[in-house]
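Please read the structure below before turning to the comments.
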Amino acid sequence: MAQEWRPKPGDRIFRPRRTKRFRLRRVLGISAIFSAGYGNVGSSIYYALGIVALVAVGATPVALGAAGLLFIFTALSYAEGTASLPEAGGSASFARHGFNDLAGFIAGWALMLSYIVTISISAFTISPYLGFFWEPFKTSPIIGTITSMAIVFFLMVINVIGIRESSLVNVGAAILDIATQVALVIIGFILLFNPPVLISRMLDNWPDTSNLILGIALASIAYTGIETMSQMAEETKHPEERVPRALVMMIITVLVIFAGISLVSLSAMSPQELSSEWARDPVAGIATHIPIALISNTLKPLIAILAATILLIATNAGLIGISRLAYSLGSHKMIPPALSRLNSRFKTPHVAIILFSMVALVVLIPGFFDASVFENMGALYAVGSLIAFMFAHASIISLRYKKPDLPRPFKPPFNVTIRGREVPVSAMLGLAATTVVWAIILITQPYSRWAGLGWMAGGLVIYYLYRRSQHLPLTRLPEERRWPRAKN
Amino acid sequence: MEFKKILVPVGGTEADEEAMRLACRLVKKDKGKIWAVYVITIKRSLPLDAEIEIDIRKAEAILDHMETVADEEDQEIETDVLQAREAGPAIIDEVVDRQVDVIVMGIKHKVHLGQFSLGSVVPYVLKNAPCPVILYQR
């Protein structure tokens, strides 16, 4: 038996990227990615409309439209990044490849904030829609918050056990939801849409410039679920083709539905009513205002059930997303590996699921006391996801220079040549716009500023301490491990 | 003797399965951990980080099978794929790095030029391992 063993100089070990380490299989098709993504993005309309109407008032459709343009730029950057780097991690993965570990960590940590808030905000919005069946769900903040907490807790347990909603359920819920929303828009356009009323409501309640910009910033939260589709790339068959296609399908669907619903909602009710009485369930507000009782009475329970279902899927998608992200960050030595530890029985990252569910529950606590927590959570959501978007755009640009030969099955249209490399205009505009929107939210929203920056600062401290404890530099890619020193 | 950490290098032979079952039984008493590793040897003409899809797929399939075998024994294992120029030093590096208590290797009866042969990896591991090595021949 050798007492001392020394490796030969120059010998090294490389650990190849392992998709199966995550126990993920490439089984998903376009419909599955689209429906899961739509579950997350499409559900945003059930709460985003009310949040945007709170500040953008009469300009709500304009704010949603402007944010929609930003959404197109972001979707194009994600399409290029995901097609080139089809792995879990989303913008954290792009940033790690485009810059270094530290950038990957910042993007990933910001995404974690976004996921925690999406879990809380989606769960928080389920109870008002359930208020159709039992009034206290909507009227009592205590019952509403307890219900939201119970939903998060229930999903936490389910996720630890490892029960996953099948793609069939996701696809079914998405189809039903799209059908209901399209029906609502069509019925709304026939029965409620009134251009003179809409224009007068918009002009009479036009916000000042700062509120309009803030409205656009808040409207961007409606589109933040896009990350989910990128996170699923590692489970998708032929992701280089299917993810961009699913993204384009989602852009069109979401923009059409959001535009229709925002126009119909302002035709149906005043911005004040939308942002007060119906702030937490604006789509139900539209159904209530439909003048034909039969249609209204049919749509109301349907919307309540569908909204609750799709928001439940969005909450669950948030939990699945954050656990997958934590696992990805842990496996790249960006966070302590304890967070990516798998449960020996259920084979799920139970530590991450439990920890981040607990954080989401803590975020929900102010709901007992303060109704404005809803608005605060919306802005906080935007803070996290906009950081991730900034890194996604910047990484796409950086990768064009750092890895020009990287296969790019999808390239956004309109590229300009700068310093000998083609750079997508959409990424540059997206980077500039997201940075401005992020800065506006930080300046105007003190809760989000301090909670968001505190979260990021705390994360950087954890990253620094962890990397130092592992004797790893802050920015190096830890993909190649050197030989350990032989003990004398 | 305690077996808290066991490394099972696998190569896709039938003996691997029995070696894994043996490791599972050894580790059970002390509630220890098992790592199964597959080493992809990369030619010197290729970069060490070359992604050879067919080899990675083979490695994953073998490690998946090892997980199934361990599942049957009601034992959780961790698996890893390594890329190195030679399998022997990579296995020893893993042993040193993880401070393994024992290596369990399955070997198959090989005859080279009419003589029984252990190949190159097993002798290297036997010579350099800083811990006991258990060989299981099928």
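Convention: chains lettered A, B, ... in structure tokens order; per-chain residue numbering from 1; ligands numbered from 1 as shown.
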Gln137 of chain B environment, 6 Å, only C-alpha atoms, sequence neighbours closer than 3 positions dropped, as number ranges by chain:
B: 106-108
Report the residues of segment 12-137 of chain B whose backbone DSSP state falls under strand (DSSP E or B), written as a VMD selection string.
chain B and resid 33 to 41 77 to 84 102 to 107 110 to 112 115 to 117 133 to 137
Restrict the distance test to only C-alpha atoms, flag each residue of chain B within 7 Å of chain A, and return the flagged residues as a list in words.
Leu48, Asp49, Glu76, Val81, Leu82, Gln83, Ala84, Pro89, Ala90, Asp97, Leu126, Lys127, Asn128, Ala129, Pro130 and Cys131 of chain B
Between atom CA of Val133 of chain B and atom CA of Gly114 of chain B, distance in Å (one decimal):
26.3 Å
Of the residues A:Leu263, A:Ala92, A:Ile187, A:Ala304, which is the one nearest to Ile126 of chain A, using only C-alpha atoms?
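Residue with the minimum atom-to-atom distance to Ile126 of chain A: A:Ala304.
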Find the spatial neighbours of Gly88 of chain B, counting only C-alpha atoms, within a cut-off of 6 Å - ignore same-chain residues fewer than 5 positions away - and output them as a list in words.
Val121, Tyr124 and Val125 of chain B
Would you export the selected residues with C-alpha atoms as a JSON list (two decimals), in the first residue's frame, please?
[["chain", "number", "residue", "atom", "x", "y", "z"],
["B", 121, "VAL", "CA", -5.35, 0.16, -14.19],
["B", 124, "TYR", "CA", -1.55, 0.98, -10.74],
["B", 125, "VAL", "CA", -4.33, 1.27, -8.16]]
Near Ala66 of chain A, within 9 Å and counting only C-alpha atoms, which residues show up once chain neighbours fewer than 4 positions away are dropped, as a VMD selection string?
chain A and resid 61 to 62 70 to 71 216 219 to 220
Could those residues be written to a file, using C-alpha atoms, as an mmCIF file, in the first residue's frame?
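Wrote it out as result-v4.cif, contents follow:
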data_model
loop_
_atom_site.group_PDB
_atom_site.id
_atom_site.type_symbol
_atom_site.label_atom_id
_atom_site.label_comp_id
_atom_site.auth_asym_id
_atom_site.auth_seq_id
_atom_site.Cartn_x
_atom_site.Cartn_y
_atom_site.Cartn_z
ATOM 1 C CA PRO A 61 -52.306 49.784 -21.687
ATOM 2 C CA VAL A 62 -49.440 52.048 -22.817
ATOM 3 C CA LEU A 70 -38.783 45.229 -23.637
ATOM 4 C CA PHE A 71 -40.164 41.711 -23.299
ATOM 5 C CA ILE A 216 -43.657 50.700 -17.440
ATOM 6 C CA ALA A 219 -45.405 46.326 -16.108
ATOM 7 C CA SER A 220 -42.157 44.513 -16.829
#
Hey, can you check how far atom CA of Leu111 of chain A sits from atom CA of Ile313 of chain A?
18.2 Å
For the structure I just gave you, how does DSSP split segment 130-162 of chain A - specifically, which residues are helix (DSSP H, G or I)? Reply as a PyMOL selection string.
chain A and resi 130+136-139+141-161
Keeping only N, CA, C and O atoms, take the residues you just selected and write them out as a compact mmCIF listing (two decimals), in the first residue's frame.
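And here's out.txt as it stands now:
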# COMPACT_ATOMS: atom_id res chain seq x y z
N LEU A 130 -60.21 33.00 -5.26
CA LEU A 130 -61.06 32.02 -4.57
C LEU A 130 -62.18 32.72 -3.80
O LEU A 130 -63.14 32.07 -3.37
N PRO A 136 -64.54 35.74 2.50
CA PRO A 136 -63.39 36.09 3.35
C PRO A 136 -62.02 35.84 2.70
O PRO A 136 -61.03 36.47 3.08
N PHE A 137 -61.96 34.95 1.72
CA PHE A 137 -60.68 34.75 1.02
C PHE A 137 -60.17 36.07 0.44
O PHE A 137 -58.98 36.30 0.35
N LYS A 138 -61.13 36.88 0.01
CA LYS A 138 -60.75 38.14 -0.61
C LYS A 138 -60.72 39.30 0.38
O LYS A 138 -59.83 40.15 0.33
N THR A 139 -61.68 39.31 1.29
CA THR A 139 -61.83 40.48 2.15
C THR A 139 -60.95 40.46 3.39
O THR A 139 -60.52 41.49 3.88
N PRO A 141 -57.56 39.99 5.20
CA PRO A 141 -56.12 39.81 4.93
C PRO A 141 -55.53 38.63 5.70
O PRO A 141 -54.61 37.97 5.21
N ILE A 142 -56.10 38.37 6.89
CA ILE A 142 -55.54 37.27 7.69
C ILE A 142 -55.85 35.93 7.03
O ILE A 142 -54.94 35.11 6.82
N ILE A 143 -57.12 35.74 6.64
CA ILE A 143 -57.49 34.47 5.99
C ILE A 143 -56.75 34.33 4.65
O ILE A 143 -56.23 33.26 4.31
N GLY A 144 -56.68 35.45 3.90
CA GLY A 144 -55.99 35.43 2.60
C GLY A 144 -54.53 35.04 2.75
O GLY A 144 -54.01 34.18 2.03
N THR A 145 -53.86 35.67 3.74
CA THR A 145 -52.43 35.40 3.92
C THR A 145 -52.21 33.98 4.44
O THR A 145 -51.27 33.30 4.00
N ILE A 146 -53.07 33.55 5.36
CA ILE A 146 -52.94 32.17 5.88
C ILE A 146 -53.11 31.18 4.72
O ILE A 146 -52.37 30.20 4.61
N THR A 147 -54.10 31.46 3.86
CA THR A 147 -54.31 30.57 2.70
C THR A 147 -53.07 30.53 1.82
O THR A 147 -52.63 29.46 1.39
N SER A 148 -52.50 31.72 1.54
CA SER A 148 -51.30 31.78 0.71
C SER A 148 -50.17 30.97 1.33
O SER A 148 -49.45 30.24 0.65
N MET A 149 -50.02 31.14 2.65
CA MET A 149 -48.95 30.42 3.35
C MET A 149 -49.19 28.91 3.28
O MET A 149 -48.25 28.13 3.09
N ALA A 150 -50.46 28.54 3.44
CA ALA A 150 -50.78 27.11 3.38
C ALA A 150 -50.47 26.54 2.00
O ALA A 150 -49.96 25.42 1.88
N ILE A 151 -50.73 27.35 0.96
CA ILE A 151 -50.45 26.89 -0.41
C ILE A 151 -48.94 26.68 -0.59
O ILE A 151 -48.49 25.67 -1.13
N VAL A 152 -48.15 27.66 -0.11
CA VAL A 152 -46.69 27.55 -0.24
C VAL A 152 -46.21 26.31 0.52
O VAL A 152 -45.39 25.53 0.02
N PHE A 153 -46.76 26.13 1.72
CA PHE A 153 -46.34 24.99 2.54
C PHE A 153 -46.71 23.67 1.85
O PHE A 153 -45.90 22.75 1.78
N PHE A 154 -47.92 23.63 1.32
CA PHE A 154 -48.39 22.42 0.62
C PHE A 154 -47.48 22.11 -0.58
O PHE A 154 -47.04 20.97 -0.77
N LEU A 155 -47.15 23.15 -1.36
CA LEU A 155 -46.30 22.93 -2.53
C LEU A 155 -44.89 22.54 -2.11
O LEU A 155 -44.22 21.76 -2.78
N MET A 156 -44.44 23.11 -0.99
CA MET A 156 -43.11 22.75 -0.47
C MET A 156 -43.06 21.24 -0.20
O MET A 156 -42.13 20.56 -0.63
N VAL A 157 -44.08 20.76 0.51
CA VAL A 157 -44.11 19.33 0.85
C VAL A 157 -44.16 18.49 -0.43
O VAL A 157 -43.41 17.52 -0.59
N ILE A 158 -45.01 18.90 -1.36
CA ILE A 158 -45.15 18.16 -2.62
C ILE A 158 -43.83 18.13 -3.38
O ILE A 158 -43.42 17.10 -3.91
N ASN A 159 -43.15 19.28 -3.40
CA ASN A 159 -41.89 19.34 -4.15
C ASN A 159 -40.79 18.52 -3.49
O ASN A 159 -39.93 17.97 -4.18
N VAL A 160 -40.81 18.48 -2.15
CA VAL A 160 -39.81 17.65 -1.47
C VAL A 160 -40.07 16.18 -1.76
O VAL A 160 -39.15 15.41 -2.06
N ILE A 161 -41.34 15.81 -1.75
CA ILE A 161 -41.68 14.41 -2.05
C ILE A 161 -41.36 14.11 -3.50
O ILE A 161 -40.96 13.00 -3.85
Mind pulling up the distance from atom CA of Gln445 of chain A to atom CA of Val55 of chain A?
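For atom CA of Val55 of chain A relative to atom CA of Gln445 of chain A, the distance reads 11.9 Å.
Neighbours of Glu14 of chain B closer than or equal to 12 Å, with only C-alpha atoms counted and sequence neighbours fewer than 3 positions away skipped, come out as Val10, Gly11, Glu17, Glu18, Ala19, Met20, Arg21, Ile62, His65, Met66, Val69, Met105, Gly106, Ile107, Lys108, His109, Tyr136, Gln137 and Arg138 of chain B.
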